Structures are given as C-alpha cells and as structure tokens.
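J.: Can you read through this structure? Questions will come right after.
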Amino acid sequence: MVSEWQQGRAPDSAGLTEWTQGRAPSFAGAAFRGVGSVPAQPGTRPCVHSLNARHNVGVTTLELERLAEGLGIDVVGAAPAEPYDETERHIRERREQGLFADMRFTMARPEVSCHPETLLPGVRTVISAALCYYADEPERGPGEGRLPRYTWFHAYAELREKLDALGRALGGEYRVLVDENDHVDREAAARSGVGFYGKNTMLITQRHGSWVVLGTLVTEAEIEATPRLPLDCGSCTLCIEACPTGALDEPGTLDSTRCLSYWSQAPGAIPEEYRAELGAQVYGCDICQDVCPWNRGVEKRRAGERPPEGAEPHVSLVEWLELSDDELRTRYERLYFPRKDPRYLRRNALVALGNSADPELRSAAEPYASGDDPLLREHAEWSLARLDEVKG
Ligand code: SF4
Ligand code: SF4
C-alpha cells in the first residue's frame, strides 16, 4: 500500500498548526548541525545565460524553477526580503530560557540573521534553495565511527556553487549565504515554500524530506514569491519518542543542552550521561531524521544508491586518534569543531571507541589516558573503563 507519506501528503493536515502559520518554533538544530562558516560571496559577474537584461522587470516562479533545475538544485523558492520579526522574537526568548546552551551560529546575532533586508544594498528578494544529500549507508566496519549524513561529502560547497551560478544567471548584485551565521536559512525556506518546520526542528521538504542542506541567495532581482507549503507533521511524534536524550520533549523546540549533536560539537567535556547514547557516532546525530516518515520517499527512490565518490560515511577511530593536528584539520575542514581544535574530534573518537566493545582498539586510547591533556585524559579513562564494563 502506498502511504500518504509516499504521496507527499502530511498524515493529518486537518487544520494548519503553528508550523505552517509562520511561527518559527526553534532554530537551534540546523545551526549546530551545520558545518563551519565560510565567507560570504558577494558577486556581480556576468553570465551569457543570464536573465541580466530583465533582472529588474521581474522573474516568474517558473523561470526561477527552470534555472534552478538546470543547475541541479532540488528545491527552490522566493520571498520578499523582509525582516523575520517573529523568528527574531523566538530566538531571543529561547536564548533567555537557556535552550541554546552556549551556541553561537545564527542565534548569536538575531539582529543580523533575521534581517535579510540588510544583507545587500538594494536587496529585493530572498531565494531559498535545498540540495538533497541522501545516499544509502554502507555497512560500518570494525573500528569505525559514524558521521551524520550531511557531512559525508561537502554538500554545502556544492550548493554554494550552484547558488553562485544562479545569482549570475539572474543578474544584478547578489550575495550567497550557505551555512553562515548571518542568516536563518530555515526561515527563508519556510517562507518561500521550500519546506515546513518539523517537530524535530528540521526544515522538511515535500519530496526530499529533511535530508537536505539549505542555502540562500539574496538578490536585487525581483522574483515572484512562492507560497508557503500547506503541510505539517500532523499528529506524528516519532522524532520526539526516538530522541534518546529527551531533547525534543517540547515539540518543535530543541533543548540544546540535551542534544547529542550539540555536545559532539561543543567545547569542553561531553556530559557522562550522554556518552553511551552516542554509540559509534563521532559527530552529530541523525536519529530524529532517521525516524521521520517524510524521509521515506527519497530513501526509497535512492535505495541502493551509493554515496558519491569520495564520500566518507565512516571513519577509522584509530586514525582520528593518531593523525597529526594538521592532518585532522585539513581532512575534516568540512566539519565544524570549536576553534578548529582537533582535540574535540579526538574526544569524540574516544567516546565512540569506549562504546565499540572492541578490546583491540584499547591501545589507541591508552596513550591519552596517561597524556598531558586533562580533557582527553578524562575521556580516555572513561573509554577504557567502558570497554572493561562491556567486556566484563
Ligand atoms: Fe539531538 Fe539526536 Fe535528539 Fe535529534 S535525536 S534532538 S539530533 S539528540
Ligand atoms: Fe514531524 Fe517528527 Fe514526525 Fe517527522 S518524525 S513528521 S518531524 S513529528
């Protein structure tokens, strides 16, 4: 039987909830699930295939969609460049409640990130775009840790290039914002009908679920606005039930202080009560997306599809513990970790090693248990004790 999910409909959409009424429940998730920031890319380069000549007379939705499709962008939408007042208020409220822990990202400066009208002189339109990164996961080998899907390859870099090409094609002044702190990409995506807010705080697209990276193009070109999606989570609560740490107990609001993804990217020690829950995960957490029914469609369509060449779903824990600082930094340039300090990756590897139940990995943790770094020493001690516990 083909479920209503597979048909791209919400299971219970009688009555629009706050998700589709423009209220932004929380923005914490995507920000810290995102990878490191990159500089903005203002641009005005000409392009032979551009709509330059008519950028100031308006571009229709159909024209925008055709351009985006030609560039390999999976979902696109447009909205007028107006302040995200409700979102700004929400971020401030959530921050006052301490739900963002010490997260930075778009939460740090809502006076900037919620004001697309200030991102470019003469800006008229905010274009939101989504690129699907879903691929089947190969089997994980012994001694390997797992990365979250969005980091398997540099999907953000691909989207950035595509948006730059779109900006050139539309003509005029534009600025590309991908994985940046200066803009709340999810709000632009919700406003322009690219997706809707899920109770797991992710932006969910109709066809590709939440397995997408989002990016934004602000431009002086005038583009027909696309309507919001009339969809929501309905009565589903799967992600709330699946979250191992209760971080989604208030639907649509992420309590960062209880989120595994947050702790894997935060400075300092990972709280002990969350270490076992991380399992083999060396970074991030996909659980609340893995269970989401909106993701079943793309998963079926891409079943058997291997990750792109060079993608890295799994990593060697021993390598993470033995590579030099420079090697780790260079190889994982696509990941965010505090101050680009590789000891935070090693800290995570030590936790995954402890959870591996593989005594052969012991020797990779032992030097850290007698090392000079108090953070890594404590995590290595925990790791070795957990190996003993699982064995015993
Ligand atoms: Fe965070 Fe994982 Fe819970 Fe999602 S399932 S809220 S990523 S801990
Ligand atoms: Fe919404 Fe969560 Fe259910 Fe997905 S799993 S439909 S985000 S409630």
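In the structure tokens, chains take the letters A, B, ... in the order shown, each chain's residues start at 1, and ligands count up from 1 in the order shown.
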Can I get the residues close to ligand 2 as a list in words, where close means within 8 Å and we count only C-alpha atoms and all ligand atoms?

T.: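 Checking only C-alpha atoms and all ligand atoms against ligand 2 at 8 Å gives Ala10, Tyr197, Gly198, Lys199, Asn200, Thr201, Met202, Ile204, Asp232, Cys233, Gly234, Ser235, Cys236, Thr237, Leu238, Cys239, Ile240, Pro251, Cys288, Gln289, Val291, Cys292, Pro293, Trp294 and Asn295 of chain A.
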
J.: Give me the residues of chain A that have any atom at most 12 Å from an atom of ligand 1; for each, the nearest atom pair and the distance in Å, rounded to one decimal. Use only C-alpha atoms and all ligand atoms, sort by chain and number, and format it as CSV.

T.:
residue,atom,partner,partner_atom_place_in_ligand_line,distance
A:Ser26,CA,ligand 1,6 (S),11.6
A:Phe27,CA,ligand 1,6 (S),11.9
A:Ala28,CA,ligand 1,6 (S),9.8
A:Gly29,CA,ligand 1,7 (S),7.3
A:Ala30,CA,ligand 1,7 (S),9.4
A:Ala31,CA,ligand 1,7 (S),11.5
A:Phe32,CA,ligand 1,7 (S),9.7
A:Arg33,CA,ligand 1,7 (S),7.8
A:Gly34,CA,ligand 1,7 (S),11.5
A:Pro148,CA,ligand 1,7 (S),9.6
A:Arg149,CA,ligand 1,7 (S),11.9
A:Gly198,CA,ligand 1,4 (Fe),11.4
A:Lys199,CA,ligand 1,6 (S),9.8
A:Asn200,CA,ligand 1,6 (S),6.5
A:Thr201,CA,ligand 1,6 (S),8.3
A:Met202,CA,ligand 1,4 (Fe),9.2
A:Leu238,CA,ligand 1,5 (S),10.2
A:Cys239,CA,ligand 1,5 (S),6.7
A:Ile240,CA,ligand 1,3 (Fe),7.7
A:Glu241,CA,ligand 1,5 (S),8.9
A:Ala242,CA,ligand 1,5 (S),6.4
A:Cys243,CA,ligand 1,5 (S),3.8
A:Pro244,CA,ligand 1,3 (Fe),6.0
A:Thr245,CA,ligand 1,8 (S),5.8
A:Gly246,CA,ligand 1,3 (Fe),6.5
A:Ala247,CA,ligand 1,6 (S),4.9
A:Leu248,CA,ligand 1,6 (S),5.5
A:Asp249,CA,ligand 1,6 (S),9.0
A:Glu250,CA,ligand 1,6 (S),10.7
A:Pro251,CA,ligand 1,6 (S),10.3
A:Gly252,CA,ligand 1,6 (S),9.9
A:Thr253,CA,ligand 1,6 (S),9.0
A:Leu254,CA,ligand 1,6 (S),6.2
A:Asp255,CA,ligand 1,6 (S),7.6
A:Ser256,CA,ligand 1,1 (Fe),7.3
A:Thr257,CA,ligand 1,1 (Fe),9.4
A:Arg258,CA,ligand 1,8 (S),6.7
A:Cys259,CA,ligand 1,1 (Fe),3.8
A:Leu260,CA,ligand 1,8 (S),4.1
A:Ser261,CA,ligand 1,7 (S),5.0
A:Tyr262,CA,ligand 1,1 (Fe),7.0
A:Trp263,CA,ligand 1,8 (S),8.9
A:Ser264,CA,ligand 1,8 (S),10.0
A:Gln265,CA,ligand 1,7 (S),11.5
A:Tyr274,CA,ligand 1,8 (S),9.1
A:Arg275,CA,ligand 1,8 (S),11.3
A:Glu277,CA,ligand 1,8 (S),8.7
A:Leu278,CA,ligand 1,8 (S),8.7
A:Gly279,CA,ligand 1,2 (Fe),11.6
A:Gln281,CA,ligand 1,2 (Fe),10.3
A:Tyr283,CA,ligand 1,7 (S),10.3
A:Gly284,CA,ligand 1,7 (S),6.7
A:Cys285,CA,ligand 1,7 (S),4.5
A:Asp286,CA,ligand 1,7 (S),5.7
A:Ile287,CA,ligand 1,5 (S),4.4
A:Cys288,CA,ligand 1,5 (S),4.1
A:Gln289,CA,ligand 1,4 (Fe),7.1
A:Asp290,CA,ligand 1,5 (S),8.7
A:Val291,CA,ligand 1,5 (S),9.1
A:Cys292,CA,ligand 1,5 (S),10.6

J.: List every residue of range 181-328 of chain A that DSSP, applied to the backbone, labels as strand (DSSP E), and write the result as a count of residues only.

T.: 15

J.: For Pro308 in chain A, please output as a PyMOL selection string all residues within 12 Å (counting only C-alpha atoms; exclusion window: fewer than 5 positions along the same chain).

T.: chain A and resi 133-138+149+151-155+313

J.: Write out as a tab-separated table the residues of range 194-309 of chain A that have any atom within 10 Å of an atom of range 79-92 of chain A, one row each with the nearest atom pair and its distance in Å to one decimal, counting only C-alpha atoms, sorted by chain and then rising number.

T.:
residue	atom	partner	partner_atom	distance
A:Val218	CA	A:Ala81	CA	7.7
A:Thr219	CA	A:Ala81	CA	8.9
A:Glu220	CA	A:Ala81	CA	9.4
A:Glu222	CA	A:Pro80	CA	8.4
A:Ile223	CA	A:Ala79	CA	7.8
A:Glu224	CA	A:Ala79	CA	7.6
A:Ala225	CA	A:Ala79	CA	4.8
A:Thr226	CA	A:Ala79	CA	6.5
A:Pro227	CA	A:Ala79	CA	8.3
A:Arg228	CA	A:Ala79	CA	9.5

J.: Dump N, CA and C atoms for the selected residues as a PDB file, in the first residue's frame?

T.:
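File out21.pdb, as written:
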ATOM      1  N   VAL A 218      20.518  36.216  -1.676  1.00  0.00           N
ATOM      2  CA  VAL A 218      19.783  37.487  -1.631  1.00  0.00           C
ATOM      3  C   VAL A 218      20.184  38.272  -2.872  1.00  0.00           C
ATOM      4  N   THR A 219      19.202  38.856  -3.505  1.00  0.00           N
ATOM      5  CA  THR A 219      19.478  39.482  -4.796  1.00  0.00           C
ATOM      6  C   THR A 219      18.632  40.737  -4.987  1.00  0.00           C
ATOM      7  N   GLU A 220      19.148  41.629  -5.803  1.00  0.00           N
ATOM      8  CA  GLU A 220      18.345  42.806  -6.121  1.00  0.00           C
ATOM      9  C   GLU A 220      17.324  42.501  -7.227  1.00  0.00           C
ATOM     10  N   GLU A 222      14.031  41.128  -8.905  1.00  0.00           N
ATOM     11  CA  GLU A 222      12.677  40.990  -8.372  1.00  0.00           C
ATOM     12  C   GLU A 222      12.105  39.677  -8.892  1.00  0.00           C
ATOM     13  N   ILE A 223      11.719  38.810  -7.968  1.00  0.00           N
ATOM     14  CA  ILE A 223      11.273  37.465  -8.345  1.00  0.00           C
ATOM     15  C   ILE A 223       9.914  37.187  -7.715  1.00  0.00           C
ATOM     16  N   GLU A 224       9.055  36.594  -8.478  1.00  0.00           N
ATOM     17  CA  GLU A 224       7.711  36.261  -7.999  1.00  0.00           C
ATOM     18  C   GLU A 224       7.820  35.401  -6.738  1.00  0.00           C
ATOM     19  N   ALA A 225       7.037  35.740  -5.721  1.00  0.00           N
ATOM     20  CA  ALA A 225       7.097  34.982  -4.466  1.00  0.00           C
ATOM     21  C   ALA A 225       6.388  33.638  -4.631  1.00  0.00           C
ATOM     22  N   THR A 226       6.928  32.622  -3.977  1.00  0.00           N
ATOM     23  CA  THR A 226       6.268  31.312  -3.985  1.00  0.00           C
ATOM     24  C   THR A 226       5.543  31.130  -2.652  1.00  0.00           C
ATOM     25  N   PRO A 227       4.379  30.480  -2.648  1.00  0.00           N
ATOM     26  CA  PRO A 227       3.611  30.376  -1.400  1.00  0.00           C
ATOM     27  C   PRO A 227       4.199  29.376  -0.418  1.00  0.00           C
ATOM     28  N   ARG A 228       3.857  29.542   0.841  1.00  0.00           N
ATOM     29  CA  ARG A 228       4.247  28.563   1.865  1.00  0.00           C
ATOM     30  C   ARG A 228       3.623  27.211   1.564  1.00  0.00           C
TER      31      ARG A 228
END

J.: Calculate how many Å separate CA of Leu321 in chain A from CA of Arg346 in chain A, rounding to one decimal.

T.: 5.5 Å

J.: Please give the complete set of residues from range 58-198 of chain A that DSSP, run on the backbone, assigns to alpha helix (DSSP H), formatted as number ranges by chain.

T.: A: 61-70, 85-96, 105-108, 110-113, 155-170, 185-191

J.: Using only C-alpha atoms, which of the listed residues (A:Arg296, A:Arg362, A:His208, A:Arg343) sits closest to Trp320 in chain A?

T.: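 Going through A:Arg296, A:Arg362, A:His208, A:Arg343 one by one, the smallest distance to Trp320 in chain A is for A:Arg343.
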
J.: Show me, as a list in words, the residues that have an atom within 8 Å of Lys162 in chain A when counting only C-alpha atoms, minus same-chain residues fewer than 5 positions from it.

T.: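 Surrounding residues, per the criterion: Leu71, Gly72 and Ile73 of chain A.
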
J.: So which one's closest to Val351 in chain A, A:Ala266, A:Leu335, A:Leu376, A:Val76? Using only C-alpha atoms, please.

T.: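 Of all the options, A:Leu376 lies closest to Val351 in chain A.
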
J.: Determine the nearest neighbour of Ile270 in chain A from the options A:Glu378, A:Asp341, A:Glu360, A:Asp185, counting only C-alpha atoms.

T.: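 Ranking A:Glu378, A:Asp341, A:Glu360, A:Asp185 by distance to Ile270 in chain A, first place goes to A:Glu378.
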
J.: Restricting the calculation to only C-alpha atoms: of A:Ala188, A:Leu62, A:Leu231, A:Ala311, which residue gets closest to Ser128 in chain A?

T.: A:Ala188

J.: Determine the nearest neighbour of Leu119 in chain A from the options A:Val176, A:Ala276, A:Val298, A:Val318, counting only C-alpha atoms.

T.: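 For Leu119 in chain A, the nearest of the candidates is A:Val176.
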